[in-house]
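Source file data-v8.txt; content: compact mmCIF, C-alpha atoms.
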```
# COMPACT_ATOMS: atom_id res chain seq x y z
CA MET A 9 55.31 14.93 -1.85
CA THR A 10 53.24 17.83 -0.52
CA SER A 11 54.07 21.42 -1.40
CA LYS A 12 55.79 23.58 1.21
CA ASN A 13 52.70 25.66 1.92
CA LYS A 14 50.52 22.55 2.41
CA LYS A 15 52.92 20.25 4.16
CA LEU A 16 51.35 17.49 6.23
CA SER A 17 52.80 15.98 9.36
CA GLU A 18 54.67 12.68 9.37
CA CYS A 19 51.80 11.26 11.44
CA ALA A 20 49.27 12.26 8.79
CA LEU A 21 51.38 10.77 6.02
CA ARG A 22 51.85 7.49 7.89
CA VAL A 23 48.25 6.76 8.77
CA PRO A 24 46.36 4.73 6.13
CA ALA A 25 42.76 5.25 5.08
CA SER A 26 40.29 2.73 6.47
CA GLY A 27 40.30 -0.41 4.37
CA THR A 28 36.88 -1.46 5.62
CA LEU A 29 35.33 1.90 4.72
CA LYS A 30 36.93 1.97 1.25
CA MET A 31 34.33 -0.38 -0.22
CA LYS A 32 31.54 1.52 1.51
CA ILE A 33 32.67 4.71 -0.19
CA LEU A 34 33.05 3.04 -3.60
CA SER A 35 29.65 1.37 -3.32
CA THR A 36 27.95 4.58 -2.25
CA ASP A 37 29.46 6.39 -5.24
CA LEU A 38 28.10 3.67 -7.55
CA GLU A 39 24.67 3.92 -5.94
CA ALA A 40 24.68 7.64 -6.65
CA THR A 41 24.85 6.79 -10.38
CA GLY A 42 21.69 4.68 -10.07
CA LYS A 43 23.25 1.22 -9.68
CA ASP A 44 21.61 -1.17 -7.20
CA ILE A 45 24.13 -2.42 -4.64
CA ILE A 46 23.95 -5.29 -2.15
CA HIS A 47 25.79 -4.08 0.93
CA LEU A 48 27.79 -6.78 2.73
CA GLU A 49 30.90 -4.70 3.42
CA VAL A 50 30.41 -2.92 6.75
CA GLY A 51 29.82 -4.38 10.21
CA GLN A 52 26.74 -2.29 10.90
CA PRO A 53 23.75 -4.15 12.38
CA ASN A 54 20.61 -3.79 10.27
CA PHE A 55 18.53 -3.65 13.43
CA ASN A 56 17.16 -0.53 15.07
CA THR A 57 18.48 0.47 18.48
CA PRO A 58 16.03 -0.94 21.06
CA THR A 59 13.26 1.51 21.86
CA GLU A 60 13.96 1.42 25.60
CA ILE A 61 17.46 2.81 24.98
CA ILE A 62 16.19 5.57 22.69
CA GLU A 63 13.59 6.62 25.24
CA VAL A 64 16.18 7.01 27.99
CA ALA A 65 18.32 9.24 25.74
CA TYR A 66 15.25 11.30 24.81
CA ASP A 67 14.24 11.71 28.44
CA ALA A 68 17.80 12.76 29.31
CA MET A 69 17.66 15.49 26.68
CA LYS A 70 14.28 16.72 27.86
CA GLU A 71 15.60 16.82 31.44
CA GLY A 72 18.48 19.05 30.37
CA LYS A 73 21.20 16.41 30.63
CA THR A 74 23.01 17.83 27.63
CA GLY A 75 26.12 19.49 29.04
CA TYR A 76 29.68 18.35 29.52
CA THR A 77 30.46 15.52 31.90
CA SER A 78 33.71 14.27 33.35
CA ALA A 79 35.91 12.99 30.53
CA LYS A 80 35.73 9.51 32.04
CA GLY A 81 31.94 9.56 32.12
CA ILE A 82 29.05 10.00 34.53
CA ARG A 83 29.43 8.15 37.82
CA PRO A 84 26.31 5.90 37.53
CA LEU A 85 27.60 4.62 34.18
CA LEU A 86 31.12 3.99 35.43
CA GLU A 87 29.67 2.16 38.41
CA LYS A 88 27.45 0.05 36.14
CA ILE A 89 30.38 -0.99 33.94
CA ALA A 90 32.61 -1.76 36.92
CA SER A 91 29.87 -3.77 38.63
CA ILE A 92 29.14 -5.91 35.57
CA HIS A 93 32.78 -6.73 34.86
CA SER A 94 33.62 -7.33 38.51
CA LYS A 95 30.77 -9.82 38.74
CA ASP A 96 31.75 -11.54 35.48
CA THR A 97 35.49 -11.79 36.16
CA GLY A 98 35.90 -11.84 39.94
CA VAL A 99 38.28 -8.85 39.72
CA GLU A 100 37.66 -5.79 41.91
CA ILE A 101 37.23 -2.82 39.56
CA ASN A 102 37.19 0.73 40.91
CA PRO A 103 34.71 2.74 38.81
CA ARG A 104 36.54 6.02 39.43
CA SER A 105 40.09 4.89 38.65
CA ASN A 106 39.78 1.80 36.40
CA VAL A 107 37.04 2.73 33.90
CA ILE A 108 36.76 5.30 31.12
CA THR A 109 34.01 5.76 28.54
CA THR A 110 34.94 6.89 25.02
CA PRO A 111 33.26 7.97 21.75
CA GLY A 112 33.30 4.43 20.38
CA ALA A 113 35.61 1.52 21.18
CA LYS A 114 37.98 2.76 18.48
CA ALA A 115 38.62 5.90 20.55
CA ALA A 116 39.40 3.74 23.58
CA LEU A 117 41.94 1.81 21.53
CA PHE A 118 43.47 5.02 20.17
CA ASN A 119 43.81 6.61 23.62
CA ALA A 120 45.33 3.41 24.99
CA LEU A 121 47.90 2.89 22.24
CA VAL A 122 48.96 6.54 22.30
CA SER A 123 49.41 6.16 26.07
CA LEU A 124 51.43 2.95 25.85
CA VAL A 125 53.49 3.02 22.68
CA ASP A 126 56.45 5.09 21.49
CA PRO A 127 57.89 5.30 17.97
CA GLY A 128 60.19 2.31 17.56
CA ASP A 129 58.13 0.04 19.82
CA ASN A 130 56.09 -2.80 18.40
CA ILE A 131 52.68 -4.29 19.08
CA VAL A 132 52.03 -7.93 18.20
CA VAL A 133 48.74 -8.59 16.41
CA ILE A 134 47.35 -11.85 15.05
CA SER A 135 46.30 -11.92 11.40
CA PRO A 136 43.56 -11.76 10.25
CA PHE A 137 42.97 -8.56 12.26
CA TRP A 138 40.78 -5.48 12.23
CA PRO A 139 42.76 -2.91 10.19
CA SER A 140 42.37 0.01 12.61
CA TYR A 141 44.83 -1.80 14.90
CA SER A 142 47.67 -1.26 12.45
CA GLY A 143 46.33 2.14 11.38
CA ILE A 144 46.64 3.56 14.90
CA ILE A 145 50.02 1.89 15.45
CA GLN A 146 51.32 3.37 12.19
CA TYR A 147 50.03 6.80 13.20
CA ILE A 148 52.15 6.62 16.33
CA GLY A 149 55.21 5.57 14.35
CA ALA A 150 55.45 2.16 15.97
CA GLU A 151 55.61 -1.23 14.28
CA THR A 152 52.73 -3.62 13.80
CA LYS A 153 54.32 -7.04 14.22
CA VAL A 154 51.91 -9.35 12.39
CA VAL A 155 51.76 -13.05 13.25
CA GLN A 156 49.66 -15.19 10.95
CA ALA A 157 47.09 -17.48 12.53
CA PRO A 158 46.68 -20.93 10.95
CA LEU A 159 44.30 -20.40 8.03
CA GLY A 160 42.57 -23.71 8.67
CA ASP A 161 40.99 -22.86 12.02
CA PHE A 162 42.41 -19.38 12.82
CA SER A 163 43.60 -20.64 16.20
CA PHE A 164 46.12 -18.77 18.31
CA PRO A 165 49.63 -19.25 16.80
CA ARG A 166 51.48 -20.04 20.04
CA GLU A 167 55.01 -20.74 18.86
CA ALA A 168 55.01 -17.97 16.27
CA ILE A 169 53.86 -15.46 18.88
CA LYS A 170 56.67 -16.45 21.24
CA GLU A 171 59.20 -15.98 18.44
CA ALA A 172 57.76 -12.57 17.51
CA ILE A 173 58.21 -11.04 20.96
CA ASN A 174 61.40 -9.05 21.45
CA LYS A 175 62.77 -6.28 23.66
CA THR A 176 60.77 -3.57 21.86
CA THR A 177 57.41 -5.37 22.16
CA LYS A 178 55.03 -3.40 24.37
CA ALA A 179 51.81 -5.38 24.04
CA ILE A 180 49.87 -8.15 22.37
CA LEU A 181 46.51 -7.12 20.95
CA ILE A 182 43.91 -9.88 20.88
CA ASN A 183 40.35 -9.94 19.55
CA SER A 184 37.94 -12.68 20.59
CA PRO A 185 35.46 -13.26 19.04
CA SER A 186 37.46 -12.18 16.03
CA ASN A 187 36.65 -9.76 13.28
CA PRO A 188 36.81 -11.11 10.58
CA THR A 189 37.05 -14.85 11.35
CA GLY A 190 34.63 -15.33 14.25
CA ALA A 191 37.24 -17.42 16.09
CA ILE A 192 36.95 -17.58 19.90
CA TYR A 193 39.93 -18.27 22.17
CA ASP A 194 39.44 -21.10 24.64
CA LEU A 195 40.60 -21.17 28.26
CA ASP A 196 43.92 -22.87 27.52
CA THR A 197 44.75 -20.22 24.93
CA LEU A 198 43.91 -17.38 27.31
CA LYS A 199 46.07 -18.98 30.01
CA PHE A 200 48.93 -19.23 27.53
CA ILE A 201 48.50 -15.54 26.66
CA ASN A 202 48.52 -14.66 30.36
CA ASP A 203 51.78 -16.60 30.81
CA LEU A 204 53.29 -14.67 27.89
CA SER A 205 52.23 -11.42 29.53
CA ASN A 206 53.77 -12.33 32.88
CA ASP A 207 56.99 -13.81 31.47
CA ASN A 208 57.67 -10.84 29.17
CA ASP A 209 56.09 -7.98 31.13
CA LEU A 210 53.66 -7.29 28.28
CA MET A 211 50.34 -5.51 28.30
CA ILE A 212 47.50 -7.58 26.85
CA ILE A 213 44.94 -5.41 25.09
CA THR A 214 41.79 -7.49 24.70
CA ASP A 215 39.19 -6.24 22.24
CA GLU A 216 35.91 -7.82 23.30
CA ILE A 217 33.46 -5.76 21.25
CA TYR A 218 31.78 -8.93 19.89
CA LYS A 219 31.61 -10.84 23.17
CA LYS A 220 27.80 -10.85 23.24
CA ILE A 221 27.55 -12.33 19.74
CA ILE A 222 28.27 -16.00 20.37
CA PHE A 223 26.76 -18.80 18.26
CA GLU A 224 28.29 -21.82 19.97
CA GLY A 225 30.89 -22.64 22.58
CA THR A 226 31.74 -20.46 25.55
CA PHE A 227 33.30 -17.01 25.57
CA HIS A 228 35.76 -16.35 28.40
CA GLN A 229 36.84 -12.83 29.30
CA TYR A 230 40.61 -12.52 29.41
CA LEU A 231 40.42 -10.56 32.68
CA SER A 232 38.83 -13.60 34.33
CA ILE A 233 42.12 -15.41 33.58
CA SER A 234 44.67 -12.67 34.28
CA GLN A 235 42.83 -11.65 37.47
CA SER A 236 44.67 -8.34 37.44
CA LEU A 237 44.50 -5.00 35.65
CA GLU A 238 48.25 -4.47 35.99
CA ARG A 239 48.89 -5.83 32.48
CA THR A 240 45.34 -6.10 31.15
CA LEU A 241 43.31 -3.53 29.23
CA VAL A 242 39.76 -4.41 28.21
CA ILE A 243 38.23 -2.65 25.20
CA ASP A 244 34.47 -2.92 24.73
CA GLY A 245 31.36 -1.02 23.68
CA LEU A 246 27.73 -1.22 22.62
CA SER A 247 27.89 -0.67 18.86
CA LYS A 248 27.55 -4.32 17.83
CA SER A 249 25.69 -5.87 20.77
CA HIS A 250 22.95 -3.23 20.94
CA ALA A 251 22.83 -1.89 17.35
CA MET A 252 24.27 1.44 18.48
CA THR A 253 27.03 2.09 15.94
CA GLY A 254 26.10 5.74 15.38
CA TRP A 255 25.72 6.49 19.08
CA ARG A 256 29.51 6.19 19.43
CA PHE A 257 29.85 4.55 22.79
CA GLY A 258 32.83 2.50 23.92
CA TYR A 259 34.75 1.99 27.12
CA ALA A 260 37.98 0.64 28.54
CA ILE A 261 38.92 -1.01 31.81
CA GLY A 262 42.54 -0.91 32.94
CA ASN A 263 44.99 0.06 35.64
CA LYS A 264 44.82 3.55 37.14
CA GLU A 265 47.99 4.87 35.50
CA LEU A 266 46.85 3.88 32.02
CA VAL A 267 43.27 5.04 32.48
CA ASP A 268 44.46 8.39 33.84
CA SER A 269 46.61 8.85 30.74
CA MET A 270 43.71 7.93 28.45
CA ASN A 271 41.61 10.43 30.37
CA LYS A 272 44.12 13.25 29.73
CA ILE A 273 44.16 12.46 26.02
CA GLN A 274 40.38 12.42 25.86
CA GLN A 275 40.18 15.75 27.70
CA ASN A 276 42.20 17.28 24.88
CA ILE A 277 40.39 15.62 21.97
CA SER A 278 36.69 15.06 22.60
CA THR A 279 36.12 15.96 26.27
CA CYS A 280 33.56 13.20 26.81
CA VAL A 281 30.99 10.91 25.26
CA ASN A 282 27.86 12.90 24.46
CA THR A 283 25.77 13.03 27.61
CA PRO A 284 22.41 11.59 26.48
CA THR A 285 24.27 8.56 25.10
CA GLN A 286 25.89 7.99 28.47
CA TRP A 287 22.51 7.82 30.22
CA ALA A 288 21.18 5.57 27.45
CA ALA A 289 24.21 3.29 27.85
CA ILE A 290 23.19 2.53 31.43
CA LYS A 291 19.88 1.20 30.14
CA ALA A 292 21.58 -0.73 27.34
CA LEU A 293 23.85 -2.48 29.81
CA GLU A 294 20.74 -3.67 31.68
CA LEU A 295 19.08 -5.14 28.58
CA GLU A 296 19.72 -8.68 27.39
CA GLU A 297 16.68 -9.78 25.39
CA PRO A 298 17.18 -7.53 22.31
CA THR A 299 20.77 -8.78 21.97
CA ILE A 300 19.67 -12.40 22.32
CA GLU A 301 17.09 -11.90 19.56
CA MET A 302 19.71 -10.37 17.26
CA VAL A 303 22.13 -13.23 17.88
CA VAL A 304 19.44 -15.78 17.02
CA GLU A 305 18.91 -14.03 13.69
CA TYR A 306 22.65 -13.72 12.98
CA LYS A 307 23.07 -17.44 13.63
CA ASN A 308 20.22 -18.24 11.26
CA ARG A 309 21.83 -16.09 8.58
CA ARG A 310 25.19 -17.75 9.21
CA ASP A 311 23.75 -21.24 8.88
CA LYS A 312 21.78 -20.49 5.70
CA ALA A 313 24.79 -18.74 4.15
CA LEU A 314 27.08 -21.68 4.94
CA GLU A 315 24.57 -24.08 3.40
CA LEU A 316 24.71 -22.08 0.19
CA ILE A 317 28.51 -21.81 0.23
CA GLU A 318 28.68 -25.62 0.52
CA LYS A 319 26.97 -25.76 -2.87
CA CYS A 320 29.27 -23.17 -4.46
CA ASP A 321 32.06 -24.46 -6.69
CA TYR A 322 34.50 -21.64 -5.98
CA LEU A 323 33.82 -20.64 -2.37
CA SER A 324 34.39 -22.28 1.00
CA CYS A 325 34.14 -21.05 4.58
CA ARG A 326 35.00 -22.20 8.07
CA LYS A 327 32.04 -21.93 10.45
CA PRO A 328 32.53 -18.87 12.73
CA LYS A 329 31.67 -19.33 16.41
CA GLY A 330 30.99 -15.65 17.05
CA ALA A 331 30.85 -12.07 15.66
CA PHE A 332 28.76 -11.57 12.51
CA TYR A 333 31.03 -12.16 9.54
CA LEU A 334 31.96 -14.92 7.13
CA PHE A 335 35.60 -15.01 6.06
CA MET A 336 35.26 -16.89 2.79
CA LYS A 337 38.05 -18.54 0.83
CA TYR A 338 37.80 -18.36 -2.95
CA GLN A 339 39.42 -20.13 -5.87
CA GLY A 340 41.29 -18.12 -8.46
CA SER A 341 44.45 -16.17 -9.14
CA MET A 342 43.13 -12.62 -8.72
CA GLN A 343 44.21 -10.75 -5.60
CA SER A 344 41.42 -10.08 -3.15
CA ASN A 345 41.55 -6.28 -3.33
CA GLU A 346 41.23 -6.40 -7.13
CA LEU A 347 38.53 -9.06 -6.96
CA ALA A 348 36.45 -7.11 -4.44
CA VAL A 349 36.32 -4.10 -6.77
CA LYS A 350 35.45 -6.34 -9.73
CA ILE A 351 32.60 -7.99 -7.81
CA LEU A 352 31.27 -4.55 -6.88
CA GLU A 353 31.47 -3.12 -10.39
CA GLU A 354 30.24 -6.16 -12.31
CA LYS A 355 27.88 -7.84 -9.86
CA GLY A 356 26.77 -4.97 -7.62
CA VAL A 357 27.93 -6.69 -4.42
CA ALA A 358 29.97 -4.75 -1.88
CA LEU A 359 32.20 -6.92 0.31
CA THR A 360 35.68 -6.55 1.78
CA ALA A 361 38.98 -7.96 0.55
CA GLY A 362 40.88 -10.32 2.81
CA SER A 363 44.02 -8.24 2.29
CA VAL A 364 42.39 -5.47 4.35
CA PHE A 365 42.71 -7.81 7.34
CA GLY A 366 46.36 -8.66 6.71
CA VAL A 367 45.78 -11.86 4.71
CA GLU A 368 47.40 -12.16 1.29
CA GLU A 369 45.77 -15.49 0.49
CA ASN A 370 42.41 -15.74 -1.29
CA TYR A 371 39.86 -14.48 1.24
CA LEU A 372 36.83 -12.19 1.21
CA ARG A 373 34.76 -10.98 4.17
CA ILE A 374 31.02 -10.56 4.08
CA SER A 375 28.90 -9.14 6.87
CA LEU A 376 25.91 -11.03 8.25
CA ALA A 377 24.48 -7.74 9.47
CA SER A 378 22.33 -7.49 6.33
CA GLU A 379 19.04 -8.99 5.17
CA MET A 380 19.08 -12.74 4.56
CA LYS A 381 18.04 -12.39 0.92
CA ASP A 382 20.88 -9.95 0.27
CA ILE A 383 23.46 -12.21 1.92
CA LEU A 384 22.40 -15.22 -0.14
CA GLU A 385 22.17 -13.27 -3.37
CA GLY A 386 25.56 -11.66 -2.73
CA ILE A 387 27.18 -15.08 -2.23
CA LYS A 388 25.55 -16.42 -5.41
CA ARG A 389 26.72 -13.47 -7.49
CA THR A 390 30.24 -13.74 -6.09
CA ASN A 391 30.43 -17.42 -7.02
CA ASP A 392 29.01 -16.66 -10.47
CA LEU A 393 31.71 -14.07 -11.13
CA LEU A 394 34.43 -16.44 -9.93
CA ALA A 395 33.16 -19.02 -12.43
CA THR A 396 33.96 -16.62 -15.28
CA LEU A 397 37.54 -16.18 -14.03
CA GLN A 398 38.57 -19.84 -13.87
```

Please render this file's structure as structure tokens.
Amino acid sequence: MTSKNKKLSECALRVPASGTLKMKILSTDLEATGKDIIHLEVGQPNFNTPTEIIEVAYDAMKEGKTGYTSAKGIRPLLEKIASIHSKDTGVEINPRSNVITTPGAKAALFNALVSLVDPGDNIVVISPFWPSYSGIIQYIGAETKVVQAPLGDFSFPREAIKEAINKTTKAILINSPSNPTGAIYDLDTLKFINDLSNDNDLMIITDEIYKKIIFEGTFHQYLSISQSLERTLVIDGLSKSHAMTGWRFGYAIGNKELVDSMNKIQQNISTCVNTPTQWAAIKALELEEPTIEMVVEYKNRRDKALELIEKCDYLSCRKPKGAFYLFMKYQGSMQSNELAVKILEEKGVALTAGSVFGVEENYLRISLASEMKDILEGIKRTNDLLATLQ
């Protein structure tokens, strides 16, 4: 309990620290003592931002494009986003009323959930899920209603989702390709989700931040199925697809009422995305080749890592179709959060516990956004430690 002169708000007390960043902090502290660490814990591409993007940002700064913009973003950027998504989905998107840019996709999600959800409401999420979903929902004072996906293939749990929806459910939050599993929802699944939305008057928030990182199969945008922004909110950004994590650029596409609310919130928090980044984002949205090259490398890392896991006695992993993670199952009785710390301290490998993603069973997540040699060595060391615990 905090003292009276340092009392924190209920919101502050509710919100959890980031589970994905916990291991990054622990590993960095260990590195400061001189210990060598293999970093497989954070979804940060180990590629440089393409030079063409950097040059546009630099030119914008030299030209004096460094002041405030509209909270939604500069018009050429909004028009670019609307044009791309209209072409891809067949839905008419108004750049002035249906699009907002944000300092990272996480900010878009925050602004949207604060706009949509009241304390006492619930949002349905499918486990495994990115932990910031529940963190933001908890901050609001709403309930994260977790529905477990089948651990065999991480497919959409249709019947369980239907049973989870009740009169206080405001939205279903989906993520395809998924962090951490790499699962991709097929057309039939997206049609089923759209039916759920229509039958229960639910908003579908679709997090598509990994949509450019596809190894096999076909990715379908949910908006191409719903064909309406009335109950659809798209969350996206450039952090993963263009190696721009530190640039902090995300965006959302939704109906006018929701986007206007998100705009008001942003006006009071951050005003706008930094201006040079907005001009650079236009260029990024025009580039395809650097992303294609990154995806080829991620797929190669995935395949080599899976070959090694096949030879491991205490690890197994379903092949992800997208994103850049492996969600590995391990043998043993130790809980994943305890095991992750033990692997870090004893083997110098930083990875993330499956419990961070809402899974109590034996799972660990590693990022493929690291050098191949580090990924393979990290898997080997993890298996070696598990051998001592059997």

Inset, instruction - Point out the residue among A:Gln235, A:Ile144, A:Ile62, A:Asp268 with the least atom-to-atom distance to Ser94 (chain A), counting all atoms listed in the file. - result: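 Nearest candidate to Ser94 (chain A) out of A:Gln235, A:Ile144, A:Ile62, A:Asp268: A:Gln235.
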
Legend entry - Contacts of Phe200 (chain A) at 12 Å (all atoms listed in the file; same-chain gap of 3+ positions) as a VMD selection string: chain A and resid 164 to 167 169 to 170 193 to 197 203 to 207 212 230 233 to 234

Taking only residues of region 21-59 of chain A that have an atom at most 8 Å from an atom of region 366-384 of chain A, what is each one's shortest atom pair and its distance in Å to one decimal, using all atoms listed in the file, in chain and number order, as CSV?
```
residue,atom,partner,partner_atom,distance
A:Ile46,CA,A:Asp382,CA,6.1
A:His47,CA,A:Ser378,CA,7.3
A:Leu48,CA,A:Ser375,CA,4.9
A:Glu49,CA,A:Ile374,CA,5.9
A:Val50,CA,A:Ser375,CA,6.4
A:Gly51,CA,A:Ser375,CA,5.9
A:Gln52,CA,A:Ala377,CA,6.1
A:Pro53,CA,A:Ala377,CA,4.7
A:Asn54,CA,A:Ala377,CA,5.6
```

Legend entry - Separation of CA of Asp244 (chain A) from CA of Arg310 (chain A), in Å and rounded to one decimal: 23.4 Å

Spatial neighbours of Ile148 (chain A), 12 Å, all atoms listed in the file, chain gap at least 6 places, as a PDB file with C-alpha atoms, in the frame of the given file:
```
ATOM      1  CA  SER A  17      52.800  15.980   9.360  1.00  0.00           C
ATOM      2  CA  GLU A  18      54.670  12.680   9.370  1.00  0.00           C
ATOM      3  CA  CYS A  19      51.800  11.260  11.440  1.00  0.00           C
ATOM      4  CA  ALA A  20      49.270  12.260   8.790  1.00  0.00           C
ATOM      5  CA  LEU A  21      51.380  10.770   6.020  1.00  0.00           C
ATOM      6  CA  ARG A  22      51.850   7.490   7.890  1.00  0.00           C
ATOM      7  CA  VAL A  23      48.250   6.760   8.770  1.00  0.00           C
ATOM      8  CA  PRO A  24      46.360   4.730   6.130  1.00  0.00           C
ATOM      9  CA  PHE A 118      43.470   5.020  20.170  1.00  0.00           C
ATOM     10  CA  ASN A 119      43.810   6.610  23.620  1.00  0.00           C
ATOM     11  CA  ALA A 120      45.330   3.410  24.990  1.00  0.00           C
ATOM     12  CA  LEU A 121      47.900   2.890  22.240  1.00  0.00           C
ATOM     13  CA  VAL A 122      48.960   6.540  22.300  1.00  0.00           C
ATOM     14  CA  SER A 123      49.410   6.160  26.070  1.00  0.00           C
ATOM     15  CA  LEU A 124      51.430   2.950  25.850  1.00  0.00           C
ATOM     16  CA  VAL A 125      53.490   3.020  22.680  1.00  0.00           C
ATOM     17  CA  ASP A 126      56.450   5.090  21.490  1.00  0.00           C
ATOM     18  CA  PRO A 127      57.890   5.300  17.970  1.00  0.00           C
ATOM     19  CA  GLY A 128      60.190   2.310  17.560  1.00  0.00           C
ATOM     20  CA  ASP A 129      58.130   0.040  19.820  1.00  0.00           C
ATOM     21  CA  ASN A 130      56.090  -2.800  18.400  1.00  0.00           C
ATOM     22  CA  ILE A 131      52.680  -4.290  19.080  1.00  0.00           C
ATOM     23  CA  TYR A 141      44.830  -1.800  14.900  1.00  0.00           C
ATOM     24  CA  SER A 142      47.670  -1.260  12.450  1.00  0.00           C
TER      25      SER A 142
END
```

Inset, instruction - List the neighbours of Met342 (chain A) out to 12 Å using only C-alpha atoms; skip same-chain residues closer than 5 positions along the sequence, and give me the result as a list in words. - result: Leu347, Ala348, Val349, Lys350, Ile351, Ala361, Gly362, Ser363, Glu368, Glu369, Asn370, Tyr371, Leu372, Leu393, Leu394, Thr396, Leu397 and Gln398 of chain A

Legend entry - Two-atom distance - CA of Thr77 (chain A), CA of Leu237 (chain A) (Å):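 About the pair CA of Thr77 (chain A) and CA of Leu237 (chain A): they are 25.1 Å apart.
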
Inset, instruction - For each of A:Gly27, A:Gly149, A:Gly98, A:Pro298, take the minimum atom-to-atom distance to Thr57 (chain A), counting all atoms listed in the file, then give the residue where this is smallest. - result: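 Of the candidates, the smallest distance to Thr57 (chain A) is held by A:Pro298.
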
Legend entry - Proximity to Glu216 (chain A) - best of A:Leu34, A:Ile317, A:Ala191, A:Val242, only C-alpha atoms: A:Val242
